[in-house]
Structures are given as C-alpha cells and as structure tokens.
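Engineer: Below you'll find protein20.cif; it's mmCIF, N, CA and C atoms.
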data_target
#
loop_
_atom_site.label_atom_id
_atom_site.label_comp_id
_atom_site.auth_asym_id
_atom_site.auth_seq_id
_atom_site.Cartn_x
_atom_site.Cartn_y
_atom_site.Cartn_z
N MET Q 1 77.17 108.86 138.72
CA MET Q 1 76.72 110.20 138.96
C MET Q 1 75.85 110.18 140.20
N MET Q 2 76.02 111.09 141.09
CA MET Q 2 75.27 111.14 142.33
C MET Q 2 74.17 112.18 142.24
N SER Q 3 73.13 111.94 143.04
CA SER Q 3 72.03 112.88 143.05
C SER Q 3 72.43 114.14 143.81
N GLY Q 4 71.77 115.22 143.53
CA GLY Q 4 72.12 116.48 144.15
C GLY Q 4 71.36 116.76 145.43
N ASP Q 5 70.57 115.79 145.94
CA ASP Q 5 69.78 116.05 147.13
C ASP Q 5 70.51 115.70 148.42
N GLY Q 6 71.80 115.39 148.35
CA GLY Q 6 72.58 115.14 149.53
C GLY Q 6 72.66 113.68 149.94
N ASP Q 7 71.97 112.79 149.26
CA ASP Q 7 72.01 111.37 149.59
C ASP Q 7 73.00 110.68 148.67
N PRO Q 8 74.23 110.38 149.14
CA PRO Q 8 75.24 109.80 148.26
C PRO Q 8 74.99 108.33 147.94
N THR Q 9 73.99 107.71 148.57
CA THR Q 9 73.72 106.29 148.30
C THR Q 9 72.74 106.09 147.15
N LYS Q 10 72.15 107.17 146.65
CA LYS Q 10 71.19 107.07 145.56
C LYS Q 10 71.84 107.50 144.25
N PRO Q 11 72.33 106.55 143.46
CA PRO Q 11 72.86 106.94 142.15
C PRO Q 11 71.72 107.24 141.20
N THR Q 12 71.88 108.26 140.42
CA THR Q 12 70.87 108.60 139.41
C THR Q 12 71.55 108.73 138.06
N GLN Q 13 70.79 108.52 137.05
CA GLN Q 13 71.29 108.67 135.69
C GLN Q 13 70.27 109.49 134.92
N ARG Q 14 70.73 110.35 134.10
CA ARG Q 14 69.83 111.18 133.31
C ARG Q 14 68.97 110.30 132.42
N PRO Q 15 67.68 110.60 132.31
CA PRO Q 15 66.79 109.75 131.51
C PRO Q 15 67.22 109.66 130.04
N LEU Q 16 67.72 110.75 129.48
CA LEU Q 16 68.14 110.72 128.09
C LEU Q 16 69.35 109.81 127.90
N LEU Q 17 70.30 109.90 128.82
CA LEU Q 17 71.49 109.05 128.75
C LEU Q 17 71.13 107.59 128.97
N LYS Q 18 70.23 107.34 129.89
CA LYS Q 18 69.79 105.97 130.16
C LYS Q 18 69.08 105.38 128.94
N GLY Q 19 68.21 106.15 128.32
CA GLY Q 19 67.51 105.68 127.13
C GLY Q 19 68.45 105.47 125.97
N ALA Q 20 69.43 106.36 125.81
CA ALA Q 20 70.39 106.22 124.72
C ALA Q 20 71.27 104.98 124.91
N SER Q 21 71.65 104.72 126.16
CA SER Q 21 72.49 103.54 126.39
C SER Q 21 71.69 102.26 126.20
N ARG Q 22 70.42 102.27 126.59
CA ARG Q 22 69.57 101.09 126.33
C ARG Q 22 69.38 100.88 124.83
N PHE Q 23 69.15 101.98 124.10
CA PHE Q 23 68.97 101.85 122.65
C PHE Q 23 70.25 101.31 122.00
N ALA Q 24 71.38 101.82 122.43
CA ALA Q 24 72.65 101.36 121.85
C ALA Q 24 72.88 99.88 122.15
N GLY Q 25 72.56 99.45 123.35
CA GLY Q 25 72.70 98.04 123.68
C GLY Q 25 71.77 97.17 122.86
N GLY Q 26 70.55 97.60 122.69
CA GLY Q 26 69.60 96.85 121.87
C GLY Q 26 69.98 96.83 120.41
N ALA Q 27 70.48 97.95 119.92
CA ALA Q 27 70.92 98.00 118.52
C ALA Q 27 72.12 97.09 118.30
N ALA Q 28 73.02 97.05 119.27
CA ALA Q 28 74.17 96.13 119.17
C ALA Q 28 73.70 94.69 119.18
N LEU Q 29 72.71 94.39 119.99
CA LEU Q 29 72.14 93.05 120.01
C LEU Q 29 71.49 92.72 118.67
N GLY Q 30 70.80 93.68 118.08
CA GLY Q 30 70.21 93.47 116.76
C GLY Q 30 71.26 93.24 115.70
N ALA Q 31 72.37 93.95 115.80
CA ALA Q 31 73.47 93.75 114.84
C ALA Q 31 74.05 92.35 114.98
N VAL Q 32 74.13 91.85 116.21
CA VAL Q 32 74.62 90.49 116.41
C VAL Q 32 73.65 89.49 115.80
N LEU Q 33 72.35 89.73 115.97
CA LEU Q 33 71.35 88.83 115.39
C LEU Q 33 71.42 88.83 113.86
N ILE Q 34 71.74 89.96 113.27
CA ILE Q 34 71.88 90.04 111.82
C ILE Q 34 73.17 89.34 111.38
N ALA Q 35 74.22 89.46 112.19
CA ALA Q 35 75.52 88.91 111.82
C ALA Q 35 75.58 87.39 111.95
N LEU Q 36 74.74 86.79 112.80
CA LEU Q 36 74.79 85.34 113.01
C LEU Q 36 74.61 84.54 111.72
N PRO Q 37 73.60 84.79 110.91
CA PRO Q 37 73.47 84.00 109.67
C PRO Q 37 74.64 84.24 108.70
N LEU Q 38 75.22 85.42 108.76
CA LEU Q 38 76.33 85.72 107.86
C LEU Q 38 77.58 84.91 108.21
N THR Q 39 77.75 84.58 109.50
CA THR Q 39 78.92 83.81 109.90
C THR Q 39 78.83 82.36 109.47
N TYR Q 40 77.63 81.90 109.19
CA TYR Q 40 77.45 80.52 108.75
C TYR Q 40 77.37 80.40 107.24
N GLY Q 41 77.75 81.42 106.52
CA GLY Q 41 77.84 81.35 105.07
C GLY Q 41 76.56 81.65 104.33
N SER Q 42 75.58 82.18 105.03
CA SER Q 42 74.34 82.55 104.35
C SER Q 42 74.63 83.73 103.42
N PRO Q 43 74.19 83.63 102.17
CA PRO Q 43 74.49 84.73 101.24
C PRO Q 43 73.76 86.01 101.63
N PHE Q 44 74.45 87.09 101.50
CA PHE Q 44 73.89 88.40 101.82
C PHE Q 44 74.14 89.32 100.65
N ASN Q 45 73.13 89.52 99.85
CA ASN Q 45 73.24 90.43 98.71
C ASN Q 45 72.88 91.84 99.18
N LEU Q 46 73.50 92.80 98.59
CA LEU Q 46 73.24 94.18 98.97
C LEU Q 46 72.04 94.73 98.20
N GLU Q 47 70.92 94.06 98.35
CA GLU Q 47 69.69 94.53 97.74
C GLU Q 47 69.01 95.49 98.71
N PRO Q 48 68.34 96.49 98.20
CA PRO Q 48 67.72 97.48 99.09
C PRO Q 48 66.73 96.87 100.08
N MET Q 49 66.01 95.85 99.68
CA MET Q 49 65.03 95.24 100.59
C MET Q 49 65.71 94.53 101.75
N GLN Q 50 66.82 93.83 101.49
CA GLN Q 50 67.54 93.15 102.56
C GLN Q 50 68.20 94.15 103.50
N ILE Q 51 68.70 95.23 102.96
CA ILE Q 51 69.29 96.28 103.80
C ILE Q 51 68.21 96.91 104.67
N ALA Q 52 67.04 97.15 104.10
CA ALA Q 52 65.94 97.73 104.88
C ALA Q 52 65.49 96.79 105.99
N LYS Q 53 65.45 95.49 105.70
CA LYS Q 53 65.07 94.52 106.73
C LYS Q 53 66.10 94.48 107.84
N ALA Q 54 67.38 94.51 107.48
CA ALA Q 54 68.43 94.49 108.49
C ALA Q 54 68.37 95.73 109.37
N ILE Q 55 68.16 96.88 108.76
CA ILE Q 55 68.06 98.12 109.52
C ILE Q 55 66.84 98.10 110.43
N SER Q 56 65.73 97.56 109.93
CA SER Q 56 64.52 97.51 110.76
C SER Q 56 64.70 96.57 111.95
N VAL Q 57 65.42 95.47 111.78
CA VAL Q 57 65.70 94.57 112.91
C VAL Q 57 66.57 95.28 113.94
N ILE Q 58 67.60 95.96 113.48
CA ILE Q 58 68.50 96.66 114.39
C ILE Q 58 67.77 97.77 115.14
N LEU Q 59 67.01 98.59 114.43
CA LEU Q 59 66.27 99.67 115.08
C LEU Q 59 65.17 99.11 115.99
N GLY Q 60 64.52 98.04 115.55
CA GLY Q 60 63.47 97.42 116.37
C GLY Q 60 64.03 96.89 117.67
N CYS Q 61 65.18 96.25 117.62
CA CYS Q 61 65.82 95.77 118.86
C CYS Q 61 66.20 96.94 119.76
N GLY Q 62 66.66 98.02 119.16
CA GLY Q 62 67.00 99.20 119.96
C GLY Q 62 65.80 99.79 120.65
N VAL Q 63 64.69 99.89 119.95
CA VAL Q 63 63.47 100.44 120.54
C VAL Q 63 62.92 99.51 121.62
N MET Q 64 62.93 98.20 121.35
CA MET Q 64 62.45 97.26 122.36
C MET Q 64 63.31 97.29 123.61
N ALA Q 65 64.62 97.47 123.44
CA ALA Q 65 65.50 97.56 124.60
C ALA Q 65 65.24 98.85 125.38
N MET Q 66 64.86 99.91 124.70
CA MET Q 66 64.50 101.14 125.41
C MET Q 66 63.25 100.93 126.24
N ILE Q 67 62.31 100.15 125.72
CA ILE Q 67 61.04 99.94 126.42
C ILE Q 67 61.21 98.94 127.57
N TRP Q 68 61.79 97.76 127.27
CA TRP Q 68 61.87 96.69 128.26
C TRP Q 68 63.19 96.63 129.00
N GLY Q 69 64.19 97.34 128.53
CA GLY Q 69 65.46 97.45 129.24
C GLY Q 69 66.26 96.17 129.30
N GLN Q 70 66.91 95.98 130.42
CA GLN Q 70 67.84 94.86 130.60
C GLN Q 70 67.13 93.52 130.54
N ALA Q 71 65.85 93.46 130.86
CA ALA Q 71 65.11 92.20 130.82
C ALA Q 71 65.09 91.62 129.40
N LEU Q 72 64.94 92.46 128.40
CA LEU Q 72 64.94 91.99 127.01
C LEU Q 72 66.31 91.46 126.63
N ILE Q 73 67.34 92.18 126.96
CA ILE Q 73 68.70 91.77 126.59
C ILE Q 73 69.04 90.46 127.30
N ASP Q 74 68.67 90.34 128.59
CA ASP Q 74 68.93 89.09 129.31
C ASP Q 74 68.19 87.92 128.69
N ALA Q 75 66.93 88.12 128.31
CA ALA Q 75 66.14 87.04 127.72
C ALA Q 75 66.72 86.59 126.39
N VAL Q 76 67.12 87.53 125.55
CA VAL Q 76 67.68 87.16 124.24
C VAL Q 76 69.03 86.46 124.42
N MET Q 77 69.85 86.97 125.32
CA MET Q 77 71.16 86.34 125.53
C MET Q 77 71.00 84.94 126.11
N GLU Q 78 70.02 84.74 126.98
CA GLU Q 78 69.77 83.41 127.53
C GLU Q 78 69.29 82.46 126.43
N SER Q 79 68.43 82.96 125.55
CA SER Q 79 67.97 82.14 124.43
C SER Q 79 69.10 81.76 123.50
N LEU Q 80 69.98 82.72 123.22
CA LEU Q 80 71.13 82.42 122.37
C LEU Q 80 72.08 81.43 123.04
N GLY Q 81 72.20 81.53 124.35
CA GLY Q 81 73.07 80.60 125.09
C GLY Q 81 72.56 79.17 125.03
N LYS Q 82 71.24 79.02 125.00
CA LYS Q 82 70.65 77.69 124.93
C LYS Q 82 70.79 77.04 123.56
N THR Q 83 71.05 77.83 122.53
CA THR Q 83 71.19 77.25 121.19
C THR Q 83 72.55 76.65 120.98
N GLY Q 84 73.51 76.96 121.81
CA GLY Q 84 74.85 76.42 121.67
C GLY Q 84 75.73 77.19 120.71
N LEU Q 85 75.34 78.42 120.40
CA LEU Q 85 76.13 79.24 119.49
C LEU Q 85 77.29 79.77 120.22
#
Translate this structure into structure tokens?
Structural biologist:
Amino acid sequence: MMSGDGDPTKPTQRPLLKGASRFAGGAALGAVLIALPLTYGSPFNLEPMQIAKAISVILGCGVMAMIWGQALIDAVMESLGKTGL
C-alpha cells in the first residue's frame, strides 16, 4: 500500500493491520511452542487448567509480538534453531 502524499517510495501500512498481523504471527509462534511437547509424546489431557495455560501462552506470545515485533519472533526462532528441533 502506498502513502497518499505523493511519495511512491514510502510504503505505509495501517497501524491496526500492522498490529493484527504481528499478533497473528506471535499467536502462531505460541501455538508452535505449545505443539512442540505434544509431538514428542507428552500427554495432553483436556483439563480446564491446561487449556487455560495453553491459551495464555498463545495470547501472551501474540501480545509480546505486538509490542516487540519482528525482533521477538527472530529471537525465538533463532533459539529454536539452536536446539536442533
């Protein structure tokens, strides 16, 4: 999307769309963090407390990604890359 001030070299993005995309990226990262133990056979019971913890991790990652942006996602992905997963 281009800015309306006549400068075609300055791309702009609506703040709401930018925040929503950061939140979605962070929430997806949180979902991956929740899914990792499940792929290794860790038992996951559908107890309300475990569901609440999983939701809080996903929402927390989304909010942190909104605040810190791409730097948070890059740092977490780099950390995961170093573990050999």
Engineer: Would you kindly translate the PyMOL selection byres (((chain Q and resi 69 and name CA) around 10) and name CA) into the concrete residues it picks from this file, as a list in words?
Structural biologist: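 Going through the file, the PyMOL selection byres (((chain Q and resi 69 and name CA) around 10) and name CA) ends up selecting Lys18, Gly19, Ser21, Arg22, Phe23, Gly25, Gly26, Gly62, Val63, Met64, Ala65, Met66, Ile67, Trp68, Gln70, Ala71, Leu72, Ile73 and Asp74 of chain Q.
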Engineer: Given the PyMOL selection byres ((chain Q and resi 57-59) around 8) and the file above, list the residues it selects as a PDB file with N, CA and C atoms, keeping the file's coordinate frame.
Structural biologist:
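The resulting file, part04.pdb, is shown below:
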ATOM      1  N   GLY Q  26      70.550  97.600 122.690  1.00  0.00           N
ATOM      2  CA  GLY Q  26      69.600  96.850 121.870  1.00  0.00           C
ATOM      3  C   GLY Q  26      69.980  96.830 120.410  1.00  0.00           C
ATOM      4  N   ALA Q  27      70.480  97.950 119.920  1.00  0.00           N
ATOM      5  CA  ALA Q  27      70.920  98.000 118.520  1.00  0.00           C
ATOM      6  C   ALA Q  27      72.120  97.090 118.300  1.00  0.00           C
ATOM      7  N   ALA Q  28      73.020  97.050 119.270  1.00  0.00           N
ATOM      8  CA  ALA Q  28      74.170  96.130 119.170  1.00  0.00           C
ATOM      9  C   ALA Q  28      73.700  94.690 119.180  1.00  0.00           C
ATOM     10  N   LEU Q  29      72.710  94.390 119.990  1.00  0.00           N
ATOM     11  CA  LEU Q  29      72.140  93.050 120.010  1.00  0.00           C
ATOM     12  C   LEU Q  29      71.490  92.720 118.670  1.00  0.00           C
ATOM     13  N   GLY Q  30      70.800  93.680 118.080  1.00  0.00           N
ATOM     14  CA  GLY Q  30      70.210  93.470 116.760  1.00  0.00           C
ATOM     15  C   GLY Q  30      71.260  93.240 115.700  1.00  0.00           C
ATOM     16  N   ALA Q  31      72.370  93.950 115.800  1.00  0.00           N
ATOM     17  CA  ALA Q  31      73.470  93.750 114.840  1.00  0.00           C
ATOM     18  C   ALA Q  31      74.050  92.350 114.980  1.00  0.00           C
ATOM     19  N   VAL Q  32      74.130  91.850 116.210  1.00  0.00           N
ATOM     20  CA  VAL Q  32      74.620  90.490 116.410  1.00  0.00           C
ATOM     21  C   VAL Q  32      73.650  89.490 115.800  1.00  0.00           C
ATOM     22  N   ILE Q  34      71.740  89.960 113.270  1.00  0.00           N
ATOM     23  CA  ILE Q  34      71.880  90.040 111.820  1.00  0.00           C
ATOM     24  C   ILE Q  34      73.170  89.340 111.380  1.00  0.00           C
ATOM     25  N   ILE Q  51      68.700  95.230 102.960  1.00  0.00           N
ATOM     26  CA  ILE Q  51      69.290  96.280 103.800  1.00  0.00           C
ATOM     27  C   ILE Q  51      68.210  96.910 104.670  1.00  0.00           C
ATOM     28  N   ALA Q  52      67.040  97.150 104.100  1.00  0.00           N
ATOM     29  CA  ALA Q  52      65.940  97.730 104.880  1.00  0.00           C
ATOM     30  C   ALA Q  52      65.490  96.790 105.990  1.00  0.00           C
ATOM     31  N   LYS Q  53      65.450  95.490 105.700  1.00  0.00           N
ATOM     32  CA  LYS Q  53      65.070  94.520 106.730  1.00  0.00           C
ATOM     33  C   LYS Q  53      66.100  94.480 107.840  1.00  0.00           C
ATOM     34  N   ALA Q  54      67.380  94.510 107.480  1.00  0.00           N
ATOM     35  CA  ALA Q  54      68.430  94.490 108.490  1.00  0.00           C
ATOM     36  C   ALA Q  54      68.370  95.730 109.370  1.00  0.00           C
ATOM     37  N   ILE Q  55      68.160  96.880 108.760  1.00  0.00           N
ATOM     38  CA  ILE Q  55      68.060  98.120 109.520  1.00  0.00           C
ATOM     39  C   ILE Q  55      66.840  98.100 110.430  1.00  0.00           C
ATOM     40  N   SER Q  56      65.730  97.560 109.930  1.00  0.00           N
ATOM     41  CA  SER Q  56      64.520  97.510 110.760  1.00  0.00           C
ATOM     42  C   SER Q  56      64.700  96.570 111.950  1.00  0.00           C
ATOM     43  N   GLY Q  60      64.520  98.040 115.550  1.00  0.00           N
ATOM     44  CA  GLY Q  60      63.470  97.420 116.370  1.00  0.00           C
ATOM     45  C   GLY Q  60      64.030  96.890 117.670  1.00  0.00           C
ATOM     46  N   CYS Q  61      65.180  96.250 117.620  1.00  0.00           N
ATOM     47  CA  CYS Q  61      65.820  95.770 118.860  1.00  0.00           C
ATOM     48  C   CYS Q  61      66.200  96.940 119.760  1.00  0.00           C
ATOM     49  N   GLY Q  62      66.660  98.020 119.160  1.00  0.00           N
ATOM     50  CA  GLY Q  62      67.000  99.200 119.960  1.00  0.00           C
ATOM     51  C   GLY Q  62      65.800  99.790 120.650  1.00  0.00           C
ATOM     52  N   VAL Q  63      64.690  99.890 119.950  1.00  0.00           N
ATOM     53  CA  VAL Q  63      63.470 100.440 120.540  1.00  0.00           C
ATOM     54  C   VAL Q  63      62.920  99.510 121.620  1.00  0.00           C
ATOM     55  N   MET Q  64      62.930  98.200 121.350  1.00  0.00           N
ATOM     56  CA  MET Q  64      62.450  97.260 122.360  1.00  0.00           C
ATOM     57  C   MET Q  64      63.310  97.290 123.610  1.00  0.00           C
ATOM     58  N   ALA Q  65      64.620  97.470 123.440  1.00  0.00           N
ATOM     59  CA  ALA Q  65      65.500  97.560 124.600  1.00  0.00           C
ATOM     60  C   ALA Q  65      65.240  98.850 125.380  1.00  0.00           C
TER      61      ALA Q  65
END
Engineer: Could you write out, as a JSON list (two decimals) with N, CA and C atoms, in the frame of the given file, all the residues of chain Q that DSSP marks as helix (DSSP H, G or I)?
Structural biologist:
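Output saved as part.json:
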[["chain", "number", "residue", "atom", "x", "y", "z"],
["Q", 15, "PRO", "N", 67.68, 110.60, 132.31],
["Q", 15, "PRO", "CA", 66.79, 109.75, 131.51],
["Q", 15, "PRO", "C", 67.22, 109.66, 130.04],
["Q", 16, "LEU", "N", 67.72, 110.75, 129.48],
["Q", 16, "LEU", "CA", 68.14, 110.72, 128.09],
["Q", 16, "LEU", "C", 69.35, 109.81, 127.90],
["Q", 17, "LEU", "N", 70.30, 109.90, 128.82],
["Q", 17, "LEU", "CA", 71.49, 109.05, 128.75],
["Q", 17, "LEU", "C", 71.13, 107.59, 128.97],
["Q", 18, "LYS", "N", 70.23, 107.34, 129.89],
["Q", 18, "LYS", "CA", 69.79, 105.97, 130.16],
["Q", 18, "LYS", "C", 69.08, 105.38, 128.94],
["Q", 19, "GLY", "N", 68.21, 106.15, 128.32],
["Q", 19, "GLY", "CA", 67.51, 105.68, 127.13],
["Q", 19, "GLY", "C", 68.45, 105.47, 125.97],
["Q", 20, "ALA", "N", 69.43, 106.36, 125.81],
["Q", 20, "ALA", "CA", 70.39, 106.22, 124.72],
["Q", 20, "ALA", "C", 71.27, 104.98, 124.91],
["Q", 21, "SER", "N", 71.65, 104.72, 126.16],
["Q", 21, "SER", "CA", 72.49, 103.54, 126.39],
["Q", 21, "SER", "C", 71.69, 102.26, 126.20],
["Q", 22, "ARG", "N", 70.42, 102.27, 126.59],
["Q", 22, "ARG", "CA", 69.57, 101.09, 126.33],
["Q", 22, "ARG", "C", 69.38, 100.88, 124.83],
["Q", 23, "PHE", "N", 69.15, 101.98, 124.10],
["Q", 23, "PHE", "CA", 68.97, 101.85, 122.65],
["Q", 23, "PHE", "C", 70.25, 101.31, 122.00],
["Q", 24, "ALA", "N", 71.38, 101.82, 122.43],
["Q", 24, "ALA", "CA", 72.65, 101.36, 121.85],
["Q", 24, "ALA", "C", 72.88, 99.88, 122.15],
["Q", 25, "GLY", "N", 72.56, 99.45, 123.35],
["Q", 25, "GLY", "CA", 72.70, 98.04, 123.68],
["Q", 25, "GLY", "C", 71.77, 97.17, 122.86],
["Q", 26, "GLY", "N", 70.55, 97.60, 122.69],
["Q", 26, "GLY", "CA", 69.60, 96.85, 121.87],
["Q", 26, "GLY", "C", 69.98, 96.83, 120.41],
["Q", 27, "ALA", "N", 70.48, 97.95, 119.92],
["Q", 27, "ALA", "CA", 70.92, 98.00, 118.52],
["Q", 27, "ALA", "C", 72.12, 97.09, 118.30],
["Q", 28, "ALA", "N", 73.02, 97.05, 119.27],
["Q", 28, "ALA", "CA", 74.17, 96.13, 119.17],
["Q", 28, "ALA", "C", 73.70, 94.69, 119.18],
["Q", 29, "LEU", "N", 72.71, 94.39, 119.99],
["Q", 29, "LEU", "CA", 72.14, 93.05, 120.01],
["Q", 29, "LEU", "C", 71.49, 92.72, 118.67],
["Q", 30, "GLY", "N", 70.80, 93.68, 118.08],
["Q", 30, "GLY", "CA", 70.21, 93.47, 116.76],
["Q", 30, "GLY", "C", 71.26, 93.24, 115.70],
["Q", 31, "ALA", "N", 72.37, 93.95, 115.80],
["Q", 31, "ALA", "CA", 73.47, 93.75, 114.84],
["Q", 31, "ALA", "C", 74.05, 92.35, 114.98],
["Q", 32, "VAL", "N", 74.13, 91.85, 116.21],
["Q", 32, "VAL", "CA", 74.62, 90.49, 116.41],
["Q", 32, "VAL", "C", 73.65, 89.49, 115.80],
["Q", 33, "LEU", "N", 72.35, 89.73, 115.97],
["Q", 33, "LEU", "CA", 71.35, 88.83, 115.39],
["Q", 33, "LEU", "C", 71.42, 88.83, 113.86],
["Q", 34, "ILE", "N", 71.74, 89.96, 113.27],
["Q", 34, "ILE", "CA", 71.88, 90.04, 111.82],
["Q", 34, "ILE", "C", 73.17, 89.34, 111.38],
["Q", 35, "ALA", "N", 74.22, 89.46, 112.19],
["Q", 35, "ALA", "CA", 75.52, 88.91, 111.82],
["Q", 35, "ALA", "C", 75.58, 87.39, 111.95],
["Q", 36, "LEU", "N", 74.74, 86.79, 112.80],
["Q", 36, "LEU", "CA", 74.79, 85.34, 113.01],
["Q", 36, "LEU", "C", 74.61, 84.54, 111.72],
["Q", 37, "PRO", "N", 73.60, 84.79, 110.91],
["Q", 37, "PRO", "CA", 73.47, 84.00, 109.67],
["Q", 37, "PRO", "C", 74.64, 84.24, 108.70],
["Q", 38, "LEU", "N", 75.22, 85.42, 108.76],
["Q", 38, "LEU", "CA", 76.33, 85.72, 107.86],
["Q", 38, "LEU", "C", 77.58, 84.91, 108.21],
["Q", 39, "THR", "N", 77.75, 84.58, 109.50],
["Q", 39, "THR", "CA", 78.92, 83.81, 109.90],
["Q", 39, "THR", "C", 78.83, 82.36, 109.47],
["Q", 48, "PRO", "N", 68.34, 96.49, 98.20],
["Q", 48, "PRO", "CA", 67.72, 97.48, 99.09],
["Q", 48, "PRO", "C", 66.73, 96.87, 100.08],
["Q", 49, "MET", "N", 66.01, 95.85, 99.68],
["Q", 49, "MET", "CA", 65.03, 95.24, 100.59],
["Q", 49, "MET", "C", 65.71, 94.53, 101.75],
["Q", 50, "GLN", "N", 66.82, 93.83, 101.49],
["Q", 50, "GLN", "CA", 67.54, 93.15, 102.56],
["Q", 50, "GLN", "C", 68.20, 94.15, 103.50],
["Q", 51, "ILE", "N", 68.70, 95.23, 102.96],
["Q", 51, "ILE", "CA", 69.29, 96.28, 103.80],
["Q", 51, "ILE", "C", 68.21, 96.91, 104.67],
["Q", 52, "ALA", "N", 67.04, 97.15, 104.10],
["Q", 52, "ALA", "CA", 65.94, 97.73, 104.88],
["Q", 52, "ALA", "C", 65.49, 96.79, 105.99],
["Q", 53, "LYS", "N", 65.45, 95.49, 105.70],
["Q", 53, "LYS", "CA", 65.07, 94.52, 106.73],
["Q", 53, "LYS", "C", 66.10, 94.48, 107.84],
["Q", 54, "ALA", "N", 67.38, 94.51, 107.48],
["Q", 54, "ALA", "CA", 68.43, 94.49, 108.49],
["Q", 54, "ALA", "C", 68.37, 95.73, 109.37],
["Q", 55, "ILE", "N", 68.16, 96.88, 108.76],
["Q", 55, "ILE", "CA", 68.06, 98.12, 109.52],
["Q", 55, "ILE", "C", 66.84, 98.10, 110.43],
["Q", 56, "SER", "N", 65.73, 97.56, 109.93],
["Q", 56, "SER", "CA", 64.52, 97.51, 110.76],
["Q", 56, "SER", "C", 64.70, 96.57, 111.95],
["Q", 57, "VAL", "N", 65.42, 95.47, 111.78],
["Q", 57, "VAL", "CA", 65.70, 94.57, 112.91],
["Q", 57, "VAL", "C", 66.57, 95.28, 113.94],
["Q", 58, "ILE", "N", 67.60, 95.96, 113.48],
["Q", 58, "ILE", "CA", 68.50, 96.66, 114.39],
["Q", 58, "ILE", "C", 67.77, 97.77, 115.14],
["Q", 59, "LEU", "N", 67.01, 98.59, 114.43],
["Q", 59, "LEU", "CA", 66.27, 99.67, 115.08],
["Q", 59, "LEU", "C", 65.17, 99.11, 115.99],
["Q", 60, "GLY", "N", 64.52, 98.04, 115.55],
["Q", 60, "GLY", "CA", 63.47, 97.42, 116.37],
["Q", 60, "GLY", "C", 64.03, 96.89, 117.67],
["Q", 61, "CYS", "N", 65.18, 96.25, 117.62],
["Q", 61, "CYS", "CA", 65.82, 95.77, 118.86],
["Q", 61, "CYS", "C", 66.20, 96.94, 119.76],
["Q", 62, "GLY", "N", 66.66, 98.02, 119.16],
["Q", 62, "GLY", "CA", 67.00, 99.20, 119.96],
["Q", 62, "GLY", "C", 65.80, 99.79, 120.65],
["Q", 63, "VAL", "N", 64.69, 99.89, 119.95],
["Q", 63, "VAL", "CA", 63.47, 100.44, 120.54],
["Q", 63, "VAL", "C", 62.92, 99.51, 121.62],
["Q", 64, "MET", "N", 62.93, 98.20, 121.35],
["Q", 64, "MET", "CA", 62.45, 97.26, 122.36],
["Q", 64, "MET", "C", 63.31, 97.29, 123.61],
["Q", 65, "ALA", "N", 64.62, 97.47, 123.44],
["Q", 65, "ALA", "CA", 65.50, 97.56, 124.60],
["Q", 65, "ALA", "C", 65.24, 98.85, 125.38],
["Q", 66, "MET", "N", 64.86, 99.91, 124.70],
["Q", 66, "MET", "CA", 64.50, 101.14, 125.41],
["Q", 66, "MET", "C", 63.25, 100.93, 126.24],
["Q", 67, "ILE", "N", 62.31, 100.15, 125.72],
["Q", 67, "ILE", "CA", 61.04, 99.94, 126.42],
["Q", 67, "ILE", "C", 61.21, 98.94, 127.57],
["Q", 68, "TRP", "N", 61.79, 97.76, 127.27],
["Q", 68, "TRP", "CA", 61.87, 96.69, 128.26],
["Q", 68, "TRP", "C", 63.19, 96.63, 129.00],
["Q", 70, "GLN", "N", 66.91, 95.98, 130.42],
["Q", 70, "GLN", "CA", 67.84, 94.86, 130.60],
["Q", 70, "GLN", "C", 67.13, 93.52, 130.54],
["Q", 71, "ALA", "N", 65.85, 93.46, 130.86],
["Q", 71, "ALA", "CA", 65.11, 92.20, 130.82],
["Q", 71, "ALA", "C", 65.09, 91.62, 129.40],
["Q", 72, "LEU", "N", 64.94, 92.46, 128.40],
["Q", 72, "LEU", "CA", 64.94, 91.99, 127.01],
["Q", 72, "LEU", "C", 66.31, 91.46, 126.63],
["Q", 73, "ILE", "N", 67.34, 92.18, 126.96],
["Q", 73, "ILE", "CA", 68.70, 91.77, 126.59],
["Q", 73, "ILE", "C", 69.04, 90.46, 127.30],
["Q", 74, "ASP", "N", 68.67, 90.34, 128.59],
["Q", 74, "ASP", "CA", 68.93, 89.09, 129.31],
["Q", 74, "ASP", "C", 68.19, 87.92, 128.69],
["Q", 75, "ALA", "N", 66.93, 88.12, 128.31],
["Q", 75, "ALA", "CA", 66.14, 87.04, 127.72],
["Q", 75, "ALA", "C", 66.72, 86.59, 126.39],
["Q", 76, "VAL", "N", 67.12, 87.53, 125.55],
["Q", 76, "VAL", "CA", 67.68, 87.16, 124.24],
["Q", 76, "VAL", "C", 69.03, 86.46, 124.42],
["Q", 77, "MET", "N", 69.85, 86.97, 125.32],
["Q", 77, "MET", "CA", 71.16, 86.34, 125.53],
["Q", 77, "MET", "C", 71.00, 84.94, 126.11],
["Q", 78, "GLU", "N", 70.02, 84.74, 126.98],
["Q", 78, "GLU", "CA", 69.77, 83.41, 127.53],
["Q", 78, "GLU", "C", 69.29, 82.46, 126.43],
["Q", 79, "SER", "N", 68.43, 82.96, 125.55],
["Q", 79, "SER", "CA", 67.97, 82.14, 124.43],
["Q", 79, "SER", "C", 69.10, 81.76, 123.50],
["Q", 80, "LEU", "N", 69.98, 82.72, 123.22],
["Q", 80, "LEU", "CA", 71.13, 82.42, 122.37],
["Q", 80, "LEU", "C", 72.08, 81.43, 123.04],
["Q", 81, "GLY", "N", 72.20, 81.53, 124.35],
["Q", 81, "GLY", "CA", 73.07, 80.60, 125.09],
["Q", 81, "GLY", "C", 72.56, 79.17, 125.03],
["Q", 82, "LYS", "N", 71.24, 79.02, 125.00],
["Q", 82, "LYS", "CA", 70.65, 77.69, 124.93],
["Q", 82, "LYS", "C", 70.79, 77.04, 123.56],
["Q", 83, "THR", "N", 71.05, 77.83, 122.53],
["Q", 83, "THR", "CA", 71.19, 77.25, 121.19],
["Q", 83, "THR", "C", 72.55, 76.65, 120.98]]
Engineer: Quick check, in Å to one decimal: how far apart do CA of Met49 (chain Q) and CA of Ala75 (chain Q) lie?
Structural biologist: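 Spanning CA of Met49 (chain Q) to CA of Ala75 (chain Q) is a straight-line distance of 28.4 Å.
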Engineer: To one decimal place, how far is atom C of Met77 (chain Q) from CA of Leu17 (chain Q) in Å?
Structural biologist: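 These two atoms are separated by 24.3 Å.
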Engineer: For the atom pair CA of Gly81 (chain Q) and CA of Gln50 (chain Q), what is the interatomic distance in Å to one decimal place?
Structural biologist: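 Result for CA of Gly81 (chain Q) versus CA of Gln50 (chain Q): 26.4 Å, one decimal.
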